$ cat structure10.txt   # compact mmCIF, C-alpha atoms
# COMPACT_ATOMS: atom_id res chain seq x y z
CA ASP A 208 21.54 -124.49 -65.49
CA SER A 209 22.25 -128.23 -65.48
CA ARG A 210 19.66 -130.53 -63.99
CA GLY A 211 19.05 -134.26 -64.02
CA LEU A 212 22.61 -135.07 -65.05
CA GLY A 213 23.31 -138.75 -64.52
CA GLU A 214 25.77 -141.35 -65.73
CA GLY A 215 24.68 -143.34 -68.72
CA LEU A 216 21.61 -141.14 -69.39
CA PRO A 217 21.28 -139.24 -72.67
CA THR A 218 21.76 -135.49 -72.15
CA LEU A 219 19.53 -133.01 -73.99
CA THR A 220 20.38 -129.34 -74.44
CA VAL A 221 17.21 -127.41 -73.67
CA THR A 222 16.66 -123.85 -74.87
CA THR A 223 14.08 -121.70 -73.14
CA ILE A 224 13.14 -118.07 -72.59
CA LEU A 225 12.80 -116.08 -69.39
CA GLU A 226 9.11 -115.44 -68.87
CA ASP A 227 7.15 -115.46 -65.65
CA PRO A 228 5.92 -118.02 -64.52
CA TYR A 229 7.32 -120.43 -67.12
CA VAL A 230 11.00 -119.82 -66.47
CA MET A 231 12.36 -117.45 -63.80
CA VAL A 232 15.74 -116.88 -62.18
CA ARG A 233 15.65 -117.37 -58.41
CA SER A 234 18.87 -117.54 -56.35
CA ALA A 235 21.01 -118.15 -59.46
CA GLU A 236 18.80 -121.11 -60.42
CA LEU A 237 15.94 -121.45 -62.86
CA GLU A 238 12.45 -122.35 -61.71
CA GLY A 239 8.92 -122.14 -63.04
CA TYR A 240 6.21 -124.08 -64.85
CA CYS A 241 8.45 -125.19 -67.73
CA ILE A 242 11.26 -126.23 -65.36
CA ASP A 243 8.81 -128.34 -63.32
CA LEU A 244 7.45 -129.81 -66.57
CA LEU A 245 11.00 -130.61 -67.73
CA LYS A 246 11.78 -132.35 -64.42
CA ALA A 247 8.65 -134.52 -64.75
CA LEU A 248 9.47 -135.41 -68.38
CA ALA A 249 13.09 -136.26 -67.52
CA ALA A 250 11.94 -138.53 -64.72
CA MET A 251 9.47 -140.32 -67.00
CA LEU A 252 11.76 -140.67 -70.06
CA HIS A 253 15.04 -141.11 -68.17
CA PHE A 254 17.17 -138.37 -69.70
CA SER A 255 19.36 -135.65 -68.24
CA TYR A 256 19.29 -132.09 -69.51
CA LYS A 257 21.16 -128.84 -69.65
CA VAL A 258 19.03 -125.67 -69.78
CA LYS A 259 20.20 -122.48 -71.46
CA VAL A 260 18.30 -119.26 -72.04
CA VAL A 261 17.90 -118.28 -75.71
CA GLY A 262 20.63 -115.89 -76.79
CA ASP A 263 18.57 -113.22 -78.62
CA GLY A 264 15.61 -113.38 -76.23
CA GLN A 265 13.19 -114.19 -79.08
CA TYR A 266 10.60 -116.92 -79.50
CA GLY A 267 11.15 -117.59 -83.16
CA ALA A 268 10.24 -115.81 -86.38
CA VAL A 269 11.66 -115.43 -89.88
CA SER A 270 14.03 -112.44 -90.05
CA SER A 271 14.50 -110.14 -93.06
CA THR A 272 17.43 -112.31 -94.19
CA GLY A 273 15.21 -115.39 -94.30
CA ASN A 274 16.75 -117.05 -91.25
CA TRP A 275 14.84 -118.07 -88.12
CA THR A 276 15.47 -116.17 -84.92
CA GLY A 277 14.99 -117.14 -81.29
CA MET A 278 14.50 -120.67 -79.98
CA ILE A 279 13.38 -122.00 -83.39
CA GLY A 280 16.66 -120.73 -84.90
CA GLU A 281 18.70 -122.45 -82.18
CA ILE A 282 16.90 -125.76 -82.82
CA LEU A 283 17.55 -125.44 -86.59
CA ARG A 284 21.24 -124.59 -86.02
CA GLN A 285 21.41 -127.58 -83.64
CA GLU A 286 22.52 -125.33 -80.80
CA ALA A 287 19.76 -126.99 -78.76
CA ASP A 288 17.96 -130.34 -78.93
CA ILE A 289 14.56 -129.22 -77.65
CA ALA A 290 12.80 -125.98 -76.69
CA VAL A 291 10.67 -126.12 -73.53
CA ALA A 292 8.98 -122.74 -73.27
CA PRO A 293 5.63 -121.00 -73.87
CA LEU A 294 6.23 -121.56 -77.58
CA THR A 295 3.08 -121.43 -79.70
CA VAL A 296 2.52 -124.21 -82.23
CA THR A 297 2.06 -122.54 -85.64
CA SER A 298 2.05 -123.86 -89.20
CA ALA A 299 5.12 -121.78 -90.14
CA ARG A 300 7.12 -123.18 -87.21
CA GLU A 301 5.80 -126.72 -87.81
CA GLU A 302 7.30 -126.61 -91.33
CA VAL A 303 10.84 -126.29 -89.99
CA VAL A 304 10.67 -128.03 -86.58
CA SER A 305 8.50 -130.70 -84.95
CA PHE A 306 6.18 -130.03 -82.02
CA THR A 307 4.88 -132.36 -79.36
CA THR A 308 1.28 -132.50 -78.17
CA PRO A 309 0.53 -129.09 -76.57
CA PHE A 310 1.01 -129.01 -72.80
CA LEU A 311 -1.01 -125.79 -72.36
CA GLN A 312 -4.03 -124.53 -74.30
CA THR A 313 -4.35 -120.82 -74.89
CA GLY A 314 -5.62 -118.20 -77.32
CA ILE A 315 -5.38 -114.48 -78.08
CA GLY A 316 -6.94 -112.12 -75.54
CA ILE A 317 -6.96 -108.45 -74.53
CA LEU A 318 -5.30 -107.30 -71.31
CA LEU A 319 -6.70 -104.06 -69.87
CA ARG A 320 -6.41 -101.92 -66.78
CA LYS A 321 -9.70 -101.85 -64.87
CA ASP A 322 -9.92 -98.10 -64.33
CA THR A 323 -9.26 -97.28 -68.01
CA VAL A 324 -12.21 -99.37 -69.14
CA SER A 325 -14.75 -98.75 -66.39
CA GLN A 326 -18.00 -97.68 -67.92
CA GLU A 327 -18.57 -93.96 -68.15
CA MET A 328 -21.60 -92.97 -66.17
CA SER A 329 -24.43 -91.41 -68.11
CA PHE A 330 -26.00 -88.09 -67.14
CA PHE A 331 -29.13 -89.89 -65.87
CA HIS A 332 -27.22 -92.73 -64.17
CA PHE A 333 -29.48 -92.37 -61.11
CA LEU A 334 -32.37 -93.87 -63.13
CA ALA A 335 -30.42 -97.07 -63.88
CA PRO A 336 -31.30 -99.07 -60.70
CA PHE A 337 -34.86 -99.62 -61.96
CA SER A 338 -35.90 -100.79 -65.42
CA LYS A 339 -38.20 -98.63 -67.56
CA GLU A 340 -41.11 -100.94 -66.72
CA THR A 341 -40.47 -100.50 -62.98
CA TRP A 342 -40.36 -96.71 -63.27
CA THR A 343 -43.61 -96.81 -65.29
CA GLY A 344 -45.23 -99.02 -62.64
CA LEU A 345 -44.05 -96.67 -59.88
CA LEU A 346 -45.51 -93.63 -61.67
CA PHE A 347 -48.81 -95.43 -62.22
CA ALA A 348 -48.90 -96.56 -58.56
CA TYR A 349 -48.21 -92.99 -57.39
CA VAL A 350 -50.98 -91.43 -59.50
CA LEU A 351 -53.47 -94.17 -58.60
CA THR A 352 -52.71 -93.86 -54.87
CA CYS A 353 -53.08 -90.08 -54.91
CA PHE A 354 -56.38 -90.38 -56.79
CA CYS A 355 -57.62 -92.94 -54.21
CA LEU A 356 -56.59 -90.54 -51.41
CA PHE A 357 -58.52 -87.74 -53.09
CA LEU A 358 -61.57 -89.98 -53.66
CA VAL A 359 -61.63 -91.55 -50.18
CA ALA A 360 -61.13 -88.19 -48.44
CA ARG A 361 -64.21 -86.88 -50.27
CA LEU A 362 -66.31 -89.94 -49.51
CA SER A 363 -65.40 -90.32 -45.84
CA PRO A 364 -67.61 -88.29 -43.45
CA CYS A 365 -64.86 -88.39 -40.78
CA GLU A 366 -62.63 -86.37 -43.11
CA TRP A 367 -65.35 -84.03 -44.31
CA ASN A 368 -68.52 -83.67 -42.23
CA GLU A 369 -70.45 -80.93 -44.02
CA PRO A 370 -69.61 -80.73 -47.72
CA LYS A 371 -71.79 -77.64 -48.31
CA ASN A 372 -70.22 -75.54 -45.55
CA GLU A 373 -66.60 -76.62 -45.23
CA GLU A 374 -63.65 -77.13 -47.56
CA ASN A 375 -61.94 -80.49 -48.07
CA HIS A 376 -58.21 -80.39 -47.37
CA PHE A 377 -57.45 -83.33 -49.65
CA THR A 378 -57.81 -81.64 -53.03
CA PHE A 379 -56.22 -83.54 -55.91
CA LEU A 380 -53.13 -81.28 -55.83
CA ASN A 381 -52.81 -81.72 -52.07
CA SER A 382 -53.13 -85.49 -52.53
CA LEU A 383 -50.33 -85.45 -55.10
CA TRP A 384 -48.16 -83.44 -52.70
CA PHE A 385 -48.96 -85.84 -49.84
CA GLY A 386 -47.95 -88.84 -51.99
CA ALA A 387 -44.74 -87.15 -53.15
CA GLY A 388 -43.83 -86.23 -49.57
CA ALA A 389 -44.28 -89.82 -48.41
CA LEU A 390 -42.22 -91.05 -51.37
CA ALA A 391 -39.33 -88.88 -50.19
CA LEU A 392 -39.91 -89.93 -46.54
CA GLN A 393 -40.94 -86.39 -45.61
CA GLY A 394 -43.93 -85.67 -43.35
CA VAL A 395 -46.41 -83.36 -45.10
CA THR A 396 -49.85 -81.96 -44.43
CA PRO A 397 -52.81 -82.41 -44.57
CA ARG A 398 -52.92 -85.03 -41.83
CA PRO A 399 -55.41 -87.86 -42.47
CA LYS A 400 -58.20 -88.18 -39.87
CA ALA A 401 -60.49 -90.88 -41.24
CA LEU A 402 -59.66 -94.56 -40.88
CA SER A 403 -60.06 -95.13 -44.62
CA VAL A 404 -57.61 -92.34 -45.53
CA ARG A 405 -55.16 -93.58 -42.90
CA VAL A 406 -55.30 -97.12 -44.34
CA ILE A 407 -54.30 -95.79 -47.77
CA ALA A 408 -51.64 -93.49 -46.29
CA ALA A 409 -50.16 -96.35 -44.22
CA VAL A 410 -50.00 -98.80 -47.12
CA TRP A 411 -48.41 -96.09 -49.31
CA TRP A 412 -45.79 -95.43 -46.61
CA LEU A 413 -45.03 -99.16 -46.45
CA PHE A 414 -44.75 -99.28 -50.25
CA THR A 415 -42.39 -96.29 -50.39
CA ILE A 416 -40.09 -97.59 -47.62
CA ALA A 417 -39.69 -100.98 -49.35
CA LEU A 418 -39.25 -99.31 -52.75
CA LEU A 419 -36.58 -96.90 -51.47
CA ALA A 420 -34.74 -99.77 -49.78
CA ALA A 421 -34.72 -101.68 -53.10
CA TYR A 422 -33.57 -98.56 -54.99
CA ILE A 423 -30.72 -97.81 -52.58
CA ALA A 424 -29.54 -101.43 -52.53
CA ASN A 425 -29.55 -101.71 -56.32
CA PHE A 426 -27.91 -98.32 -56.79
CA THR A 427 -25.13 -99.31 -54.39
CA ALA A 428 -24.63 -102.57 -56.29
CA LEU A 429 -24.54 -100.64 -59.56
CA LEU A 430 -21.86 -98.23 -58.33
CA SER A 431 -19.70 -100.99 -56.83
CA SER A 432 -19.94 -103.18 -59.94
CA GLY A 433 -19.10 -100.34 -62.31
CA SER A 434 -15.49 -101.47 -62.64
CA GLU A 435 -16.58 -104.95 -63.67
CA GLN A 436 -18.82 -103.80 -66.49
CA LEU A 437 -16.32 -103.69 -69.34
CA PRO A 438 -17.35 -101.72 -72.41
CA ILE A 439 -14.51 -103.56 -74.22
CA GLN A 440 -15.78 -107.13 -74.39
CA THR A 441 -14.52 -108.06 -77.87
CA PHE A 442 -11.86 -107.18 -80.42
CA GLU A 443 -14.51 -105.25 -82.35
CA ASP A 444 -15.08 -103.03 -79.29
CA LEU A 445 -11.31 -102.44 -79.15
CA VAL A 446 -11.17 -101.28 -82.78
CA LYS A 447 -14.18 -98.97 -82.41
CA GLN A 448 -12.91 -97.04 -79.37
CA ARG A 449 -10.34 -94.24 -79.48
CA LYS A 450 -9.37 -93.97 -75.80
CA LEU A 451 -6.91 -96.88 -75.66
CA GLU A 452 -3.89 -97.63 -77.84
CA PHE A 453 -3.30 -101.33 -78.44
CA GLY A 454 -0.48 -103.53 -79.64
CA THR A 455 1.28 -106.86 -79.22
CA LEU A 456 4.77 -108.38 -79.04
CA ASP A 457 6.90 -107.49 -82.07
CA GLY A 458 7.46 -110.55 -84.25
CA SER A 459 5.18 -112.80 -82.18
CA SER A 460 2.76 -115.37 -83.55
CA THR A 461 -0.08 -113.10 -82.36
CA PHE A 462 1.11 -110.34 -84.69
CA TYR A 463 1.22 -112.73 -87.67
CA TYR A 464 -2.18 -114.16 -86.75
CA PHE A 465 -3.74 -110.75 -87.37
CA LYS A 466 -1.61 -110.22 -90.48
CA ASN A 467 -2.83 -113.46 -92.08
CA SER A 468 -6.45 -113.34 -90.87
CA LYS A 469 -9.19 -112.68 -93.44
CA ASN A 470 -11.55 -111.34 -90.76
CA PRO A 471 -12.10 -107.59 -91.46
CA ILE A 472 -11.93 -106.72 -87.74
CA HIS A 473 -8.62 -108.57 -87.43
CA GLN A 474 -7.33 -106.83 -90.56
CA MET A 475 -8.17 -103.44 -89.03
CA ILE A 476 -6.25 -104.41 -85.88
CA TYR A 477 -3.24 -105.45 -87.98
CA GLU A 478 -3.30 -102.22 -90.03
CA TYR A 479 -3.49 -100.15 -86.84
CA MET A 480 -0.51 -101.97 -85.32
CA ASP A 481 1.51 -101.99 -88.55
CA LYS A 482 1.13 -98.22 -89.12
CA ARG A 483 2.21 -97.46 -85.55
CA ARG A 484 4.74 -100.31 -85.37
CA ASP A 485 7.42 -98.32 -83.51
CA HIS A 486 4.95 -96.94 -81.01
CA VAL A 487 2.47 -99.71 -80.12
CA LEU A 488 4.52 -102.89 -80.53
CA VAL A 489 6.48 -103.96 -77.45
CA LYS A 490 9.72 -105.92 -77.17
CA THR A 491 8.98 -108.02 -74.09
CA TYR A 492 5.98 -109.32 -72.18
CA GLN A 493 7.12 -107.48 -69.02
CA GLU A 494 7.24 -104.21 -70.96
CA ALA A 495 3.70 -104.88 -72.19
CA VAL A 496 2.31 -105.46 -68.68
CA GLN A 497 4.11 -102.36 -67.36
CA ARG A 498 2.71 -100.27 -70.19
CA VAL A 499 -0.85 -101.47 -69.52
CA LEU A 500 -0.40 -100.58 -65.84
CA GLU A 501 1.03 -97.12 -66.47
CA SER A 502 -0.77 -95.78 -69.55
CA ASN A 503 -3.95 -96.07 -71.64
CA TYR A 504 -2.74 -99.16 -73.45
CA ALA A 505 -4.35 -102.53 -74.17
CA PHE A 506 -2.09 -105.51 -74.77
CA ILE A 507 -3.10 -108.21 -77.26
CA GLY A 508 -1.39 -111.50 -76.50
CA GLU A 509 -1.57 -115.01 -75.12
CA SER A 510 -4.66 -115.28 -72.91
CA ILE A 511 -2.99 -117.65 -70.45
CA SER A 512 -0.16 -115.18 -69.86
CA GLN A 513 -2.72 -112.43 -69.41
CA ASP A 514 -4.51 -114.54 -66.80
CA LEU A 515 -1.25 -114.60 -64.88
CA ALA A 516 -0.87 -110.82 -65.14
CA ALA A 517 -4.44 -110.39 -63.83
CA ALA A 518 -3.62 -112.81 -60.98
CA ARG A 519 -0.48 -110.86 -60.02
CA HIS A 520 -1.85 -107.34 -60.56
CA CYS A 521 -5.33 -106.95 -59.12
CA ASP A 522 -6.08 -103.80 -61.15
CA LEU A 523 -5.65 -105.69 -64.45
CA ILE A 524 -8.35 -107.72 -66.16
CA ARG A 525 -8.66 -109.77 -69.34
CA ALA A 526 -11.57 -109.08 -71.69
CA PRO A 527 -13.95 -112.05 -72.13
CA GLU A 528 -13.34 -112.79 -75.82
CA VAL A 529 -10.52 -115.18 -76.73
CA ILE A 530 -9.77 -115.92 -80.41
CA GLY A 531 -7.35 -118.14 -82.29
CA ALA A 532 -7.26 -121.18 -80.01
CA ARG A 533 -3.76 -122.61 -79.99
CA GLY A 534 -1.38 -124.50 -77.74
CA PHE A 535 2.15 -124.33 -76.32
CA GLY A 536 4.26 -127.28 -77.42
CA ILE A 537 7.80 -128.56 -76.99
CA ALA A 538 9.85 -127.98 -80.18
CA THR A 539 12.36 -130.55 -81.47
CA THR A 540 14.29 -131.05 -84.68
CA GLN A 541 12.20 -132.70 -87.38
CA ALA A 542 14.12 -135.98 -87.33
CA SER A 543 14.33 -136.13 -83.53
CA PRO A 544 13.47 -139.48 -81.92
CA TRP A 545 12.31 -137.58 -78.81
CA THR A 546 9.21 -135.99 -80.40
CA LYS A 547 6.95 -139.04 -80.07
CA LYS A 548 8.26 -139.92 -76.60
CA LEU A 549 7.73 -136.39 -75.30
CA SER A 550 4.18 -136.27 -76.77
CA VAL A 551 3.20 -139.48 -75.03
CA ALA A 552 4.75 -138.25 -71.77
CA VAL A 553 2.83 -134.94 -71.99
CA LEU A 554 -0.44 -136.86 -72.54
CA LYS A 555 0.28 -139.07 -69.53
CA LEU A 556 0.94 -135.98 -67.37
CA ARG A 557 -2.36 -134.48 -68.52
CA GLU A 558 -4.29 -137.68 -67.83
CA SER A 559 -2.81 -137.99 -64.35
CA GLY A 560 -3.75 -134.40 -63.48
CA ASP A 561 -0.13 -133.26 -63.09
CA LEU A 562 -0.50 -130.53 -65.72
CA ASP A 563 -3.56 -129.13 -63.91
CA TYR A 564 -1.60 -129.18 -60.65
CA LEU A 565 1.25 -127.21 -62.26
CA ARG A 566 -1.23 -124.74 -63.78
CA ASN A 567 -2.80 -124.05 -60.37
CA LYS A 568 0.60 -123.89 -58.66
CA TRP A 569 2.10 -121.20 -60.88
CA TRP A 570 -1.08 -119.22 -61.61
CA GLU A 571 -2.10 -118.83 -57.99
CA THR A 572 -3.59 -115.40 -57.22
CA SER A 573 -3.74 -113.26 -54.10
CA CYS A 574 -6.52 -111.08 -55.52
CA LEU A 575 -9.97 -111.38 -53.97
CA HIS A 576 -12.40 -112.39 -56.71
CA LYS A 577 -15.96 -111.31 -55.96
CA SER A 578 -18.43 -113.90 -57.14
CA ARG A 579 -20.97 -111.25 -58.04
CA GLU A 580 -23.24 -111.91 -60.95
CA ARG A 581 -23.53 -109.38 -63.71
CA TRP A 582 -25.58 -106.41 -62.47
CA SER A 583 -28.97 -105.71 -64.06
CA PRO A 584 -31.78 -103.21 -63.41
CA LEU A 585 -34.53 -104.25 -61.00
CA GLN A 586 -37.51 -105.63 -62.91
CA PRO A 587 -41.20 -105.19 -61.86
CA GLN A 588 -41.46 -108.95 -61.16
CA ALA A 589 -39.07 -108.56 -58.22
CA LEU A 590 -41.45 -106.03 -56.67
CA GLY A 591 -44.68 -107.78 -57.67
CA GLY A 592 -45.70 -108.54 -54.07
CA LEU A 593 -45.12 -104.91 -53.11
CA PHE A 594 -47.40 -103.62 -55.88
CA LEU A 595 -50.02 -106.23 -54.95
CA THR A 596 -49.91 -105.13 -51.29
CA LEU A 597 -50.45 -101.52 -52.38
CA ALA A 598 -53.42 -102.51 -54.57
CA ILE A 599 -55.04 -104.45 -51.69
CA GLY A 600 -54.48 -101.48 -49.35
CA LEU A 601 -56.07 -99.06 -51.81
CA ALA A 602 -59.07 -101.36 -52.21
CA LEU A 603 -59.46 -101.66 -48.41
CA GLY A 604 -59.26 -97.87 -48.07
CA VAL A 605 -61.98 -97.28 -50.65
CA ILE A 606 -64.19 -99.97 -49.07
CA ALA A 607 -63.67 -98.42 -45.61
CA ALA A 608 -64.67 -94.98 -46.96
CA VAL A 609 -67.82 -96.40 -48.54
CA VAL A 610 -68.69 -98.15 -45.25
CA GLU A 611 -68.14 -94.89 -43.31
CA LEU A 612 -70.36 -92.96 -45.72
CA SER A 613 -73.07 -95.65 -45.68
CA ASN A 614 -73.11 -95.59 -41.85
CA LYS A 615 -73.58 -91.83 -41.88
CA SER A 616 -76.28 -92.15 -44.56
CA ARG A 617 -78.10 -94.74 -42.44
CA HIS A 618 -78.19 -92.35 -39.45
CA ALA A 619 -79.23 -89.43 -41.65
CA ALA A 620 -81.99 -91.49 -43.29
CA GLY A 621 -83.57 -92.08 -39.88
CA HIS A 622 -83.76 -88.31 -39.22
CA VAL A 623 -85.10 -87.17 -42.60
CA LYS A 624 -87.25 -90.28 -43.10
CA LYS A 625 -85.81 -91.20 -46.50
CA SER A 626 -84.46 -94.48 -47.77
CA CYS A 627 -80.86 -95.22 -46.90
CA CYS A 628 -79.95 -95.73 -50.58
CA SER A 629 -81.31 -92.35 -51.67
CA VAL A 630 -79.48 -90.53 -48.85
CA PHE A 631 -76.28 -92.43 -49.68
CA THR A 632 -76.60 -91.49 -53.35
CA GLU A 633 -77.23 -87.82 -52.51
CA GLU A 634 -74.27 -87.72 -50.12
CA MET A 635 -72.00 -89.27 -52.72
CA CYS A 636 -73.13 -86.89 -55.47
CA THR A 637 -72.74 -83.89 -53.15
CA ARG A 638 -69.23 -84.92 -52.16
CA LEU A 639 -68.07 -85.65 -55.67
CA ARG A 640 -69.62 -82.47 -57.16
CA ILE A 641 -68.70 -80.11 -54.35
CA LYS A 642 -66.79 -77.73 -56.58
CA GLU A 643 -69.79 -77.20 -58.84
CA ASN A 644 -72.06 -76.63 -55.83
CA THR A 645 -69.61 -74.18 -54.28
CA ARG A 646 -69.24 -72.30 -57.55
CA GLN A 647 -73.04 -72.17 -58.05
CA SER A 648 -73.60 -70.96 -54.46
CA GLN A 649 -70.93 -68.27 -54.93
CA GLU A 650 -72.56 -67.13 -58.18
CA THR A 651 -76.03 -67.08 -56.49
CA SER A 652 -74.76 -65.05 -53.54
CA GLY A 653 -73.01 -62.72 -55.96
CA ARG A 654 -76.24 -62.00 -57.88
CA ALA A 655 -78.16 -61.47 -54.60
CA ASN A 656 -75.60 -58.93 -53.42
CA ALA A 657 -75.84 -57.15 -56.75
$ encode --input "structure10.txt" --output "structure tokens"
Amino acid sequence: DSRGLGEGLPTLTVTTILEDPYVMVRSAELEGYCIDLLKALAAMLHFSYKVKVVGDGQYGAVSSTGNWTGMIGEILRQEADIAVAPLTVTSAREEVVSFTTPFLQTGIGILLRKDTVSQEMSFFHFLAPFSKETWTGLLFAYVLTCFCLFLVARLSPCEWNEPKNEENHFTFLNSLWFGAGALALQGVTPRPKALSVRVIAAVWWLFTIALLAAYIANFTALLSSGSEQLPIQTFEDLVKQRKLEFGTLDGSSTFYYFKNSKNPIHQMIYEYMDKRRDHVLVKTYQEAVQRVLESNYAFIGESISQDLAAARHCDLIRAPEVIGARGFGIATTQASPWTKKLSVAVLKLRESGDLDYLRNKWWETSCLHKSRERWSPLQPQALGGLFLTLAIGLALGVIAAVVELSNKSRHAAGHVKKSCCSVFTEEMCTRLRIKENTRQSQETSGRANA
């Protein structure tokens, strides 16, 4: 592919490699990020160029014979003047060729398929929408409300006119059942009659409706965000799991990064890949992406290339951790006069925003990215107003019951000619000790019958 050929202009032979979106064949012509970059450089530095795809399809590594393969080999053999491709700047390559200032920054990342890494749901996943503190607060609120129901129903004369002769429907067990029924939005008996009991019942119903709405909303968010919660966040997570196989491009700089790293995690990754070399290492980037899509395989490689794969395939995702920051540079022969010129031109393109424009142009995605924040359980603070409303309602209910009982005591005091306080105290003691009185009366009647 010959471009920018002009009379009187120096002509450079450019070697590159077919990789989407850097260099692609469209309608018998080459296009892509690197071709656009080459056009811009040629226009700035006034040279013409002839592009050829690397013969062995390799980037460049030392073979078993000691010779360099790929684009680096072609530069060394002077089959090409420069290499414009996603070629990583490494110390080993820098020893034999010269690199310009990097035109793209990248690193080493992990490419995964979303459904292979979605978090397995625990057996008690239904408890996850609320935090432990919220569940504890709910339990406490339930018990306290049921106790207040039990207490107010005993104190209120509208609920229980004659303690000595009739039975109170709101026993503690019945109160617990009433509270549980309301919590599940089910109507249960006994039905409250007194205003005080109805105040507590109403505020508990309001509390449960709001609480259930919060639970359902958070549970829905939890289920829908399950695919975004990656258990594999780092390379350490990748080593620890057994579900996914993982590998990288055979002979790539990524492979040698792990080989030379002193980090124990990185060493474990290298040993895993080296032992299963024939099985987990892939020949091409396209093969790697296809394997991630079709099997339980994680691909370790250039993060910027993985971002493209995630942009093109909506069911792929890159794990958050990126290691080994490096850049893609243009390779030249060591004595080339073009190295400095190309570096300056790359810096100018970066400063003018042209490199960012090219990045956005070729990495454009059709996937819909949801801007949802990381999901977390609902904390008690979010429901603080709800718990406060319940507490105020309970207090109002108890006060209403005391007022109802004091009104009855005032009327009774007029009939029996006792002080209101003494009648009130007697009424309260009778209502709160009714079980003892009933038991004593039953025992007395039993002895009389005997």
$ residues_near_point --input "structure10.txt" --point "(-60.9, -84.8, -54.1)" --cutoff "8 Å" --atoms "only C-alpha atoms" --output "list in words"
Phe354, Leu356, Phe357, Leu358, Val359, Ala360, Arg361, Asn375, Phe377, Thr378, Phe379, Ser382 and Leu639 of chain A
$ closest_residue --input "structure10.txt" --among "A:Cys353, A:Tyr479, A:Thr546, A:Pro309" --to "Ile407 (chain A)" --atoms "all atoms listed in the file"
A:Cys353
$ atom_distance --input "structure10.txt" --atom1 "CA of Arg300 (chain A)" --atom2 "CA of Lys466 (chain A)"
16.0 Å
$ atom_distance --input "structure10.txt" --atom1 "CA of Thr540 (chain A)" --atom2 "CA of Pro293 (chain A)"
17.1 Å
$ residues_around --input "structure10.txt" --residues "Val261 (chain A)" --least-positions-apart "6" --cutoff "6 Å" --atoms "all atoms listed in the file" --output "ChimeraX atom specification"
/A:222-224,278
$ residues_near_point --input "structure10.txt" --point "(-33.3, -102.1, -61.9)" --cutoff "7 Å" --atoms "all atoms listed in the file" --output "PyMOL selection string"
chain A and resi 335-338+425+583-586
$ residues_around --input "structure10.txt" --residues "region 227-241 of chain A" --least-positions-apart "6" --cutoff "9 Å" --atoms "all atoms listed in the file" --output "JSON, numbers by chain"
{"A": [208, 258, 291, 292, 293, 493, 512, 515, 565, 566, 568, 569, 570]}
$ residues_around --input "structure10.txt" --residues "Leu556 (chain A)" --least-positions-apart "3" --cutoff "10 Å" --atoms "only C-alpha atoms" --output "list in words"
Leu244, Ala247, Leu248, Met251, Phe310, Ser550, Val551, Ala552, Val553, Ser559, Gly560, Asp561, Leu562, Asp563 and Tyr564 of chain A
$ residues_around --input "structure10.txt" --residues "Pro397 (chain A)" --least-positions-apart "6" --cutoff "8 Å" --atoms "only C-alpha atoms" --output "PyMOL selection string"
chain A and resi 376-377+381+385
$ write_last_selection --input "structure10.txt" --atoms "C-alpha atoms" --output "PDB file, keeping the file's coordinate frame"
ATOM      1  CA  HIS A 376     -58.210 -80.390 -47.370  1.00  0.00           C
ATOM      2  CA  PHE A 377     -57.450 -83.330 -49.650  1.00  0.00           C
ATOM      3  CA  ASN A 381     -52.810 -81.720 -52.070  1.00  0.00           C
ATOM      4  CA  PHE A 385     -48.960 -85.840 -49.840  1.00  0.00           C
TER       5      PHE A 385
END
$ atom_distance --input "structure10.txt" --atom1 "CA of Leu380 (chain A)" --atom2 "CA of Leu392 (chain A)"
18.3 Å
$ axis_aligned_box --input "structure10.txt" --around "region 394-407 of chain A" --padding-each-side "8 Å" --output "lines of an AutoDock Vina configuration file"
center_x = -52.2
center_y = -89.5
center_z = -43.8
size_x = 32.6
size_y = 31.2
size_z = 23.9
$ residues_around --input "structure10.txt" --residues "region 601-607 of chain A" --least-positions-apart "6" --cutoff "7 Å" --atoms "only C-alpha atoms" --output "ChimeraX atom specification"
/A:352,355,359,403-404,406-407
$ write_last_selection --input "structure10.txt" --atoms "C-alpha atoms" --output "JSON list (two decimals), in the frame of the given file"
[["chain", "number", "residue", "atom", "x", "y", "z"],
["A", 352, "THR", "CA", -52.71, -93.86, -54.87],
["A", 355, "CYS", "CA", -57.62, -92.94, -54.21],
["A", 359, "VAL", "CA", -61.63, -91.55, -50.18],
["A", 403, "SER", "CA", -60.06, -95.13, -44.62],
["A", 404, "VAL", "CA", -57.61, -92.34, -45.53],
["A", 406, "VAL", "CA", -55.30, -97.12, -44.34],
["A", 407, "ILE", "CA", -54.30, -95.79, -47.77]]
